[in-house]
>>> print(open('protein.txt').read())   # compact mmCIF, C-alpha atoms and all ligand atoms
# COMPACT_ATOMS: atom_id res chain seq x y z
CA MET N 760 -25.39 5.48 -11.95
CA ASP N 761 -26.74 3.03 -9.39
CA ALA N 762 -24.00 1.21 -7.39
CA VAL N 763 -25.46 -2.22 -8.27
CA VAL N 764 -25.19 -1.40 -11.98
CA GLN N 765 -21.68 0.04 -11.57
CA ARG N 766 -20.49 -3.22 -10.00
CA THR N 767 -21.55 -5.21 -13.06
CA LEU N 768 -19.82 -3.01 -15.66
CA THR N 769 -17.06 -4.50 -17.78
CA ASP N 770 -13.52 -3.41 -16.91
CA LEU N 771 -13.46 -1.32 -20.09
CA ALA N 772 -16.74 0.45 -19.33
CA ALA N 773 -15.59 1.05 -15.73
CA LYS N 774 -12.52 3.02 -16.87
CA SER N 775 -14.58 6.21 -17.03
CA LEU N 776 -15.80 5.87 -13.42
CA PRO N 777 -14.38 8.16 -10.75
CA ALA N 778 -12.13 6.74 -8.02
CA GLY N 779 -14.27 5.42 -5.17
CA ALA N 780 -17.11 4.22 -7.46
CA ALA N 781 -18.69 0.82 -6.83
CA HIS N 782 -16.67 -1.21 -9.35
CA TYR N 783 -13.79 -3.40 -8.18
CA THR N 784 -11.29 -1.52 -10.39
CA ALA N 785 -12.56 1.92 -9.30
CA TYR N 786 -13.32 1.65 -5.58
CA VAL N 787 -9.59 1.43 -4.75
CA GLY N 788 -8.39 4.32 -6.95
CA PRO N 789 -8.45 5.62 -10.53
CA PRO N 790 -9.67 2.61 -12.57
CA GLU N 791 -7.26 3.29 -15.43
CA GLN N 792 -4.38 2.70 -12.96
CA TYR N 793 -5.69 -0.63 -11.59
CA ASP N 794 -2.92 -2.54 -13.40
CA LEU N 795 -0.10 -0.07 -12.73
CA MET N 796 -0.79 0.29 -9.02
CA GLY N 797 -0.62 -3.49 -8.69
CA ALA N 798 2.60 -3.70 -10.72
CA ALA N 799 4.20 -0.91 -8.66
CA GLN N 800 3.52 -2.76 -5.40
CA PHE N 801 4.63 -6.15 -6.66
CA ARG N 802 7.81 -4.71 -8.15
CA LEU N 803 8.65 -2.83 -4.97
CA LEU N 804 8.36 -6.01 -2.91
CA THR N 805 10.39 -8.14 -5.32
CA THR N 806 13.01 -5.37 -5.66
CA LEU N 807 13.32 -5.42 -1.87
CA GLY N 808 13.92 -9.16 -1.92
CA LEU N 809 10.50 -10.86 -1.73
CA ARG N 810 10.82 -14.62 -2.19
CA ASP N 811 8.10 -17.26 -2.51
CA PHE N 812 8.73 -18.56 1.02
CA HIS N 813 8.05 -15.17 2.63
CA HIS N 814 4.82 -14.38 4.44
CA VAL N 815 3.02 -11.24 3.29
CA LEU N 816 0.16 -9.29 4.85
CA ASP N 817 -1.63 -7.05 2.36
CA PHE N 818 -3.32 -4.65 4.80
CA GLY N 819 -6.47 -3.21 3.16
CA CYS N 820 -5.93 -5.42 0.12
CA GLY N 821 -8.99 -4.06 -1.69
CA SER N 822 -9.64 -5.72 -5.03
CA LEU N 823 -6.23 -7.45 -5.07
CA ARG N 824 -4.43 -4.97 -7.28
CA ALA N 825 -1.23 -6.31 -5.71
CA GLY N 826 -2.78 -9.57 -4.49
CA ARG N 827 -3.52 -10.92 -7.96
CA LEU N 828 0.25 -10.84 -8.61
CA LEU N 829 1.41 -11.83 -5.13
CA ILE N 830 -0.90 -14.85 -4.71
CA PRO N 831 0.45 -16.83 -7.72
CA TYR N 832 4.04 -15.91 -6.75
CA LEU N 833 3.93 -16.88 -3.08
CA ALA N 834 3.79 -20.38 -1.60
CA PRO N 835 0.34 -21.67 -0.56
CA GLU N 836 -1.12 -19.86 2.48
CA HIS N 837 1.70 -17.29 2.53
CA TYR N 838 -0.50 -14.42 1.31
CA HIS N 839 -2.82 -12.79 3.84
CA GLY N 840 -5.23 -10.07 2.75
CA LEU N 841 -7.17 -7.93 5.22
CA GLU N 842 -10.23 -6.29 3.67
CA PRO N 843 -13.52 -5.43 5.43
CA ASN N 844 -15.27 -4.73 2.10
CA ILE N 845 -15.34 -8.38 1.10
CA TRP N 846 -17.17 -7.69 -2.17
CA LEU N 847 -13.86 -6.30 -3.49
CA VAL N 848 -12.09 -9.60 -2.86
CA GLU N 849 -15.03 -11.59 -4.25
CA ASP N 850 -15.11 -9.58 -7.49
CA ALA N 851 -11.33 -9.76 -7.89
CA VAL N 852 -11.40 -13.55 -7.41
CA GLU N 853 -14.20 -13.88 -9.94
CA ARG N 854 -12.81 -11.48 -12.54
CA GLN N 855 -9.01 -11.64 -12.12
CA LEU N 856 -7.72 -14.63 -10.15
CA GLY N 857 -10.15 -17.45 -10.69
CA ALA N 858 -11.33 -20.05 -8.19
CA ASP N 859 -8.71 -22.62 -9.29
CA LEU N 860 -5.83 -20.38 -8.25
CA VAL N 861 -7.50 -19.74 -4.91
CA THR N 862 -7.83 -23.51 -4.41
CA LEU N 863 -4.18 -23.99 -5.37
CA LYS N 864 -2.62 -21.13 -3.37
CA ARG N 865 -5.09 -20.93 -0.48
CA PRO N 866 -4.71 -17.18 0.26
CA ARG N 867 -5.97 -16.24 3.72
CA PHE N 868 -8.51 -13.43 3.82
CA HIS N 869 -9.56 -11.51 6.94
CA SER N 870 -12.41 -9.03 7.10
CA PHE N 871 -12.28 -7.34 10.49
CA ALA N 872 -12.18 -3.54 10.55
CA ASP N 873 -10.41 -2.62 13.80
CA PHE N 874 -7.02 -1.89 12.15
CA ARG N 875 -5.27 -4.50 14.32
CA ALA N 876 -2.87 -6.23 11.96
CA GLU N 877 -1.72 -8.68 14.61
CA ARG N 878 -5.11 -10.42 14.41
CA CYS N 879 -4.04 -11.66 10.95
CA GLY N 880 -1.05 -13.46 12.42
CA VAL N 881 2.55 -12.77 13.40
CA ASP N 882 6.01 -13.07 11.86
CA PHE N 883 5.13 -11.45 8.55
CA ASP N 884 8.22 -10.76 6.42
CA PHE N 885 6.42 -7.98 4.60
CA ILE N 886 3.35 -5.92 5.36
CA LEU N 887 1.98 -3.84 2.52
CA ALA N 888 -0.29 -0.87 3.25
CA GLN N 889 -0.75 1.00 -0.01
CA SER N 890 -3.10 3.99 0.17
CA ILE N 891 -4.30 3.17 3.68
CA PHE N 892 -2.68 5.90 5.80
CA SER N 893 -3.84 8.42 3.18
CA HIS N 894 -7.36 7.71 4.50
CA CYS N 895 -6.55 7.61 8.22
CA GLY N 896 -6.42 10.17 10.98
CA ALA N 897 -3.29 10.13 13.13
CA ASP N 898 -5.18 8.04 15.72
CA LEU N 899 -5.75 5.18 13.27
CA ILE N 900 -2.22 5.35 11.91
CA ALA N 901 -0.97 4.94 15.48
CA THR N 902 -3.27 1.92 16.11
CA THR N 903 -2.25 0.35 12.82
CA LEU N 904 1.47 0.82 13.43
CA ARG N 905 1.23 -0.69 16.91
CA GLY N 906 -0.34 -3.73 15.23
CA PHE N 907 2.42 -3.80 12.60
CA ARG N 908 5.00 -3.92 15.39
CA LEU N 909 3.32 -7.06 16.76
CA ALA N 910 2.67 -8.65 13.37
CA LEU N 911 6.09 -8.11 11.77
CA ALA N 912 8.82 -10.71 12.03
CA PRO N 913 11.87 -9.26 13.86
CA GLY N 914 13.59 -8.71 10.48
CA GLY N 915 10.39 -7.83 8.64
CA LEU N 916 9.55 -4.70 6.72
CA ALA N 917 6.31 -2.78 6.26
CA LEU N 918 5.88 -0.77 3.07
CA VAL N 919 3.35 2.01 3.42
CA THR N 920 2.28 5.05 1.45
CA LEU N 921 1.44 8.46 2.80
CA LEU N 922 0.04 11.62 1.30
CA HIS N 923 2.01 14.66 2.41
CA PRO N 924 0.62 18.21 2.55
CA GLY N 925 0.96 19.70 -0.92
CA GLN N 926 0.80 16.34 -2.68
CA ASP N 927 -2.33 16.11 -4.79
CA GLY N 928 -3.35 19.56 -3.42
CA ALA N 929 -3.89 18.16 0.10
CA ALA N 930 -3.58 20.12 3.36
CA GLU N 931 -2.47 18.65 6.70
CA PHE N 932 -5.31 16.65 8.28
CA HIS N 933 -6.07 17.25 11.94
CA GLY N 934 -9.13 15.02 12.28
CA GLY N 935 -9.35 11.36 13.21
CA ASP N 936 -10.86 8.08 12.04
CA TRP N 937 -11.27 6.72 8.47
CA VAL N 938 -11.94 9.10 5.55
CA TYR N 939 -12.99 7.66 2.18
CA PRO N 940 -12.78 8.03 -0.77
CA GLN N 941 -11.24 11.46 -0.10
CA SER N 942 -7.57 11.39 0.86
CA VAL N 943 -5.97 13.09 3.85
CA ALA N 944 -2.41 14.30 4.33
CA HIS N 945 0.12 14.08 7.15
CA ALA N 946 3.44 15.90 7.32
CA PRO N 947 6.65 13.83 7.34
CA ARG N 948 7.36 15.09 10.86
CA THR N 949 3.92 13.95 12.11
CA PHE N 950 4.40 10.50 10.60
CA ALA N 951 7.92 10.18 12.04
CA ARG N 952 6.53 11.00 15.48
CA ILE N 953 3.78 8.36 15.24
CA VAL N 954 6.24 5.76 13.97
CA ALA N 955 8.64 6.43 16.86
CA ALA N 956 5.79 6.30 19.41
CA ALA N 957 4.90 2.82 18.08
CA GLY N 958 8.48 1.67 18.74
CA LEU N 959 9.29 1.48 15.03
CA PHE N 960 11.73 3.11 12.59
CA CYS N 961 11.05 4.43 9.12
CA ARG N 962 12.70 5.77 6.04
CA ARG N 963 11.30 7.37 2.92
CA LEU N 964 11.85 5.30 -0.23
CA ARG N 965 12.44 6.77 -3.65
CA TRP N 966 9.96 4.39 -5.24
CA PHE N 967 7.50 6.02 -7.57
CA HIS N 968 3.87 6.75 -6.83
CA PRO N 969 1.57 9.01 -8.86
CA ARG N 970 0.23 10.83 -5.80
CA GLN N 971 1.85 9.67 -2.57
CA THR N 972 5.18 8.85 -0.91
CA TRP N 973 6.48 5.39 -0.02
CA TYR N 974 8.05 4.57 3.34
CA ALA N 975 9.75 1.48 4.70
CA VAL N 976 8.98 0.79 8.38
CA ALA N 977 10.88 -1.73 10.53
CA ARG N 978 11.23 -2.89 14.13
CA ASP N 979 15.00 -2.55 13.89
CA PRO N 980 16.56 0.37 11.97
CA ARG N 981 19.24 -1.99 10.65
CA ASN N 982 16.53 -3.73 8.61
CA LEU N 983 15.55 -0.59 6.71
CA PRO N 984 16.85 -0.61 3.12
CA PRO N 985 20.16 1.30 3.11
CA ARG N 986 20.20 4.71 1.44
CA SER N 987 22.46 3.29 -1.27
CA PHE N 988 19.43 1.19 -2.27
CA ASP N 989 17.64 4.31 -3.58
CA ARG N 990 19.84 4.06 -6.66
CA HIS N 991 18.19 0.72 -7.53
CA LEU N 992 14.73 1.96 -6.68
CA ARG N 993 15.09 5.01 -8.91
CA GLY N 994 16.44 2.88 -11.73
CA ALA N 995 13.42 0.61 -11.59
CA VAL N 996 10.80 3.26 -12.37
CA LEU N 997 8.10 1.97 -14.65
CA ASN N 998 8.40 3.32 -18.16
CA VAL N 999 5.11 5.20 -18.10
CA PRO N 1000 5.70 8.80 -19.28
CA GLU N 1001 3.14 10.54 -17.07
CA TRP N 1002 4.48 8.66 -14.03
CA GLN N 1003 8.04 9.73 -14.79
CA ALA N 1004 6.86 13.35 -14.81
CA SER N 1005 4.91 12.91 -11.58
CA LEU N 1006 7.94 11.25 -9.94
CA SER N 1007 10.20 14.19 -10.66
CA ARG N 1008 7.48 16.62 -9.48
CA SER N 1009 7.04 14.74 -6.22
CA TRP N 1010 10.80 14.48 -5.79
CA ASP N 1011 11.11 18.28 -6.21
CA ARG N 1012 8.37 18.74 -3.62
CA TRP N 1013 10.17 16.33 -1.33
CA ARG N 1014 13.43 18.29 -1.66
CA ARG N 1015 11.58 21.52 -0.81
CA LEU N 1016 10.13 19.83 2.30
CA VAL N 1017 13.56 18.62 3.35
CA SER N 1018 15.15 22.05 2.88
CA ALA N 1019 12.30 23.55 4.93
CA GLY N 1020 13.31 21.24 7.80
CA GLY N 1021 10.27 19.03 7.40
CA TRP N 1022 12.18 15.80 7.88
CA ARG N 1023 14.86 14.53 10.17
C1 LIG U 1101 -7.39 3.11 -1.52
S1 LIG U 1101 -7.87 1.48 -1.22
C2 LIG U 1101 -6.32 0.64 -1.41
C3 LIG U 1101 -6.47 -0.81 -1.64
C4 LIG U 1101 -5.17 -1.60 -1.88
N1 LIG U 1101 -4.23 -1.42 -0.80
C5 LIG U 1101 -4.57 -1.21 -3.21
O1 LIG U 1101 -3.55 -0.54 -3.26
O2 LIG U 1101 -5.16 -1.58 -4.21
C6 LIG U 1101 -8.14 1.42 0.54
C7 LIG U 1101 -8.69 0.09 1.01
O3 LIG U 1101 -8.80 0.07 2.43
C8 LIG U 1101 -9.94 -0.71 2.74
N2 LIG U 1101 -10.39 -0.49 4.12
C9 LIG U 1101 -11.45 0.23 4.58
N3 LIG U 1101 -11.54 0.13 5.93
C10 LIG U 1101 -10.52 -0.68 6.32
C11 LIG U 1101 -10.11 -1.20 7.59
N4 LIG U 1101 -10.78 -0.92 8.71
N5 LIG U 1101 -9.04 -2.02 7.64
C12 LIG U 1101 -8.37 -2.33 6.51
N6 LIG U 1101 -8.72 -1.87 5.27
C13 LIG U 1101 -9.78 -1.06 5.18
C14 LIG U 1101 -10.94 -0.23 1.71
O4 LIG U 1101 -12.05 -1.09 1.61
C15 LIG U 1101 -10.07 -0.19 0.47
O5 LIG U 1101 -10.05 -1.43 -0.17
>>> encode(input="protein.txt", output="structure tokens")
Amino acid sequence: MDAVVQRTLTDLAAKSLPAGAAHYTAYVGPPEQYDLMGAAQFRLLTTLGLRDFHHVLDFGCGSLRAGRLLIPYLAPEHYHGLEPNIWLVEDAVERQLGADLVTLKRPRFHSFADFRAERCGVDFDFILAQSIFSHCGADLIATTLRGFRLALAPGGLALVTLLHPGQDGAAEFHGGDWVYPQSVAHAPRTFARIVAAAGLFCRRLRWFHPRQTWYAVARDPRNLPPRSFDRHLRGAVLNVPEWQASLSRSWDRWRRLVSAGGWR
């Protein structure tokens, strides 16, 4: 089907499109998970303590899966979304948020594509990068993390997802640049090395994801959620049966990685 026609489909008709298709609910991932992927991100941030006075950068915000929940919650001008494909933001505003809410909450949108988060501003309390590093070579992850270091407030936290080898049938990616809509995988050890080289610290979070793994990244290791926090994260899993199954599968895979020495 022609991309122009795809873009005009109703949300219901778009549910049968493949991920990456030219509809605002499909370009960013499986269209039937548009709602859940937004809820998962919003709930992770609020579980970690997000308040309305915090400043949030939604890096690669796409069609506002998380943004349509974050924008009403946050104070005016406290939501920043970076998205070079501006049609995604336009369609989400038209079909999910509405112009009145944009007028009221004045979200800030940026459209540059050089992966430099610091150009969006500094002192962000939270930076969200859901399903971004799963499309980046190690070179771009390094550039992005250097920008996160500059853009994060000293006590801020970045929440990012990563596809590991074996998750979703992926093998370790050795190329560079941006890959889309295919996903690429990086081993925990590779990611830990890139994080350390950027002068940052990270920790895997036991928050659910149907395909990937969540990490918290901070400038100061004392700002990473303590391990005891995993108890709360596990308890907050959405009650969606197929997600519960995928969580325990990915947790088993994670344990195998750990016992193979894949993580320190
Ligand atoms: C898999 S989608 C995830 C979108 C969003 N984070 C979410 O969870 O709904 C990846 C997004 O990255 C965006 N993107 C592409 N190039 C980018 C760049 N240079 N900088 C930031 N985002 C980019 C894509 O347009 C797409 O919206």
>>> atom_distance(input="protein.txt", atom1="CA of Arg986 (chain N)", atom2="CA of Leu964 (chain N)")
8.5 Å
>>> residues_near_ligand(input="protein.txt", ligand="ligand LIG 1101 (chain U)", cutoff="6 Å", atoms="all atoms listed in the file", output="ChimeraX atom specification")
/N:787-788,818-821,824,841-844,872-874,888-891
>>> closest_residue(input="protein.txt", among="N:Gln971, N:Ser942, N:Ser822, N:Ser775", to="Gly797 (chain N)", atoms="only C-alpha atoms")
N:Ser822
>>> closest_residue(input="protein.txt", among="N:Leu916, N:Ala876, N:Ala956, N:Ala910", to="Pro984 (chain N)", atoms="all atoms listed in the file")
N:Leu916
>>> closest_residue(input="protein.txt", among="N:Phe988, N:Trp846, N:Trp973, N:Tyr832", to="Gln800 (chain N)", atoms="all atoms listed in the file")
N:Trp973
>>> closest_residue(input="protein.txt", among="N:Val938, N:Leu807, N:Val943, N:Ala957", to="Leu918 (chain N)", atoms="only C-alpha atoms")
N:Leu807
>>> atom_distance(input="protein.txt", atom1="CA of Tyr838 (chain N)", atom2="CA of Ala897 (chain N)")
27.4 Å
